[in-house]
Structure formats: C-alpha cells, structure tokens
Amino acid sequence: MNDTVLYDSPTEFLHEVAEKTGHCVAQSVIPRDDGTYVCACSCERWEVTAPSRTEGLRLAREHTGSLP
C-alpha cells in the first residue's frame with residue numbers, strides 16, 4: 001500500500017481499516033433524516049450526534065487529536 005490514502009483505491013482503504021480494528025483510522029459523519037449527523041470512528045469507542053456536518057467534522061478531528 002501507499003503511504004497516503006489519497007493514492008489508495010476504496011478497496012485498499014477499506015482493507016486497511018479492517019486490518020487496524022480498534023485504531024482511529026477512519027471517521028464518518030453521516031446525515032440522518034432529522035437533520036443531525038451521526039459521527040463515528042473505526043476504533044469503535046467513539047460515536048456522537050452532531051447538529052451540523054461542520055460540527056461533526058470538528059468533533060472527529062478533536063477525537064483523533066488532529067485539531068490545530
């Protein structure tokens with residue numbers, strides 16, 4: 001695999017996520033019918049609801065420690 005997911009195919013990326021279960025490899029921010037967003041991480045220890053996509057992305061960055 002490459003050093004960055006920008007060059008991975010979707011299949012390669014999903015395999016990498018599956019291989020690293022329990023690690024913060026991938027986060028998701030998914031819209032719900034009620035206008036909120038469910039946010040989760042591949043570590044399976046973090047799942048929250050956010051009022052907006054922007055807030056969901058901020059929370060995901062906070063979870064992984066990648067906020068400036």
# chains A, B, ... in the order shown; residues from 1 in each chain; ligands from 1

$ select_by_dssp --residues "chain A" --states "alpha helix (DSSP H)" --output "MDAnalysis selection string"
chainID A and resid 10:19 53:64

$ residues_around --residues "Ala40 in chain A" --least-positions-apart "6" --cutoff "7 Å" --atoms "only C-alpha atoms" --output "NGL selection string"
:A and (27-29 or 46-48)

$ write_last_selection --atoms "N, CA, C and O atoms" --output "compact mmCIF listing (two decimals), in the first residue's frame"
# COMPACT_ATOMS: atom_id res chain seq x y z
N GLN A 27 -12.95 8.00 10.18
CA GLN A 27 -14.10 8.55 10.87
C GLN A 27 -15.18 8.83 9.83
O GLN A 27 -14.88 9.05 8.67
N SER A 28 -16.42 8.81 10.29
CA SER A 28 -17.53 9.09 9.39
C SER A 28 -18.44 10.14 10.01
O SER A 28 -18.58 10.21 11.23
N VAL A 29 -19.04 10.96 9.14
CA VAL A 29 -20.03 11.95 9.54
C VAL A 29 -21.19 11.75 8.57
O VAL A 29 -21.11 12.13 7.41
N TRP A 46 -15.97 5.51 19.85
CA TRP A 46 -16.44 6.89 19.74
C TRP A 46 -17.61 6.96 18.76
O TRP A 46 -17.49 6.56 17.61
N GLU A 47 -18.73 7.45 19.24
CA GLU A 47 -19.89 7.71 18.39
C GLU A 47 -20.70 8.81 19.06
O GLU A 47 -21.04 8.72 20.24
N VAL A 48 -20.97 9.88 18.31
CA VAL A 48 -21.72 11.02 18.82
C VAL A 48 -22.69 11.51 17.76
O VAL A 48 -22.59 11.13 16.59

$ atom_distance --atom1 "CA of Leu67 in chain A" --atom2 "CA of Ser9 in chain A"
26.3 Å

$ residues_around --residues "Pro31 in chain A" --least-positions-apart "2" --cutoff "12 Å" --atoms "only C-alpha atoms" --output "ChimeraX atom specification"
/A:28-29,33-40,49-54,56-57

$ atom_distance --atom1 "CA of Glu55 in chain A" --atom2 "CA of His15 in chain A"
27.9 Å

$ residues_around --residues "His23 in chain A" --least-positions-apart "3" --cutoff "12 Å" --atoms "only C-alpha atoms" --output "list in words"
Glu16, Val17, Ala18, Glu19, Lys20, Ala26, Gln27, Cys41, Ser42, Cys43, Glu44, Arg45, Trp46, His63 and Thr64 of chain A

$ write_last_selection --atoms "C-alpha atoms" --output "CSV table (one decimal), in the first residue's frame"
chain,number,residue,atom,x,y,z
A,16,GLU,CA,-6.6,-1.1,5.8
A,17,VAL,CA,-9.5,0.0,8.1
A,18,ALA,CA,-10.5,-3.7,8.7
A,19,GLU,CA,-6.8,-4.7,9.4
A,20,LYS,CA,-6.5,-2.0,12.0
A,26,ALA,CA,-11.3,6.3,9.6
A,27,GLN,CA,-14.1,8.6,10.9
A,41,CYS,CA,-14.7,6.2,14.3
A,42,SER,CA,-13.2,2.9,13.3
A,43,CYS,CA,-11.8,2.5,16.8
A,44,GLU,CA,-15.4,1.5,17.8
A,45,ARG,CA,-15.0,3.6,21.0
A,46,TRP,CA,-16.4,6.9,19.7
A,63,HIS,CA,-11.4,12.8,18.7
A,64,THR,CA,-8.3,12.0,16.7
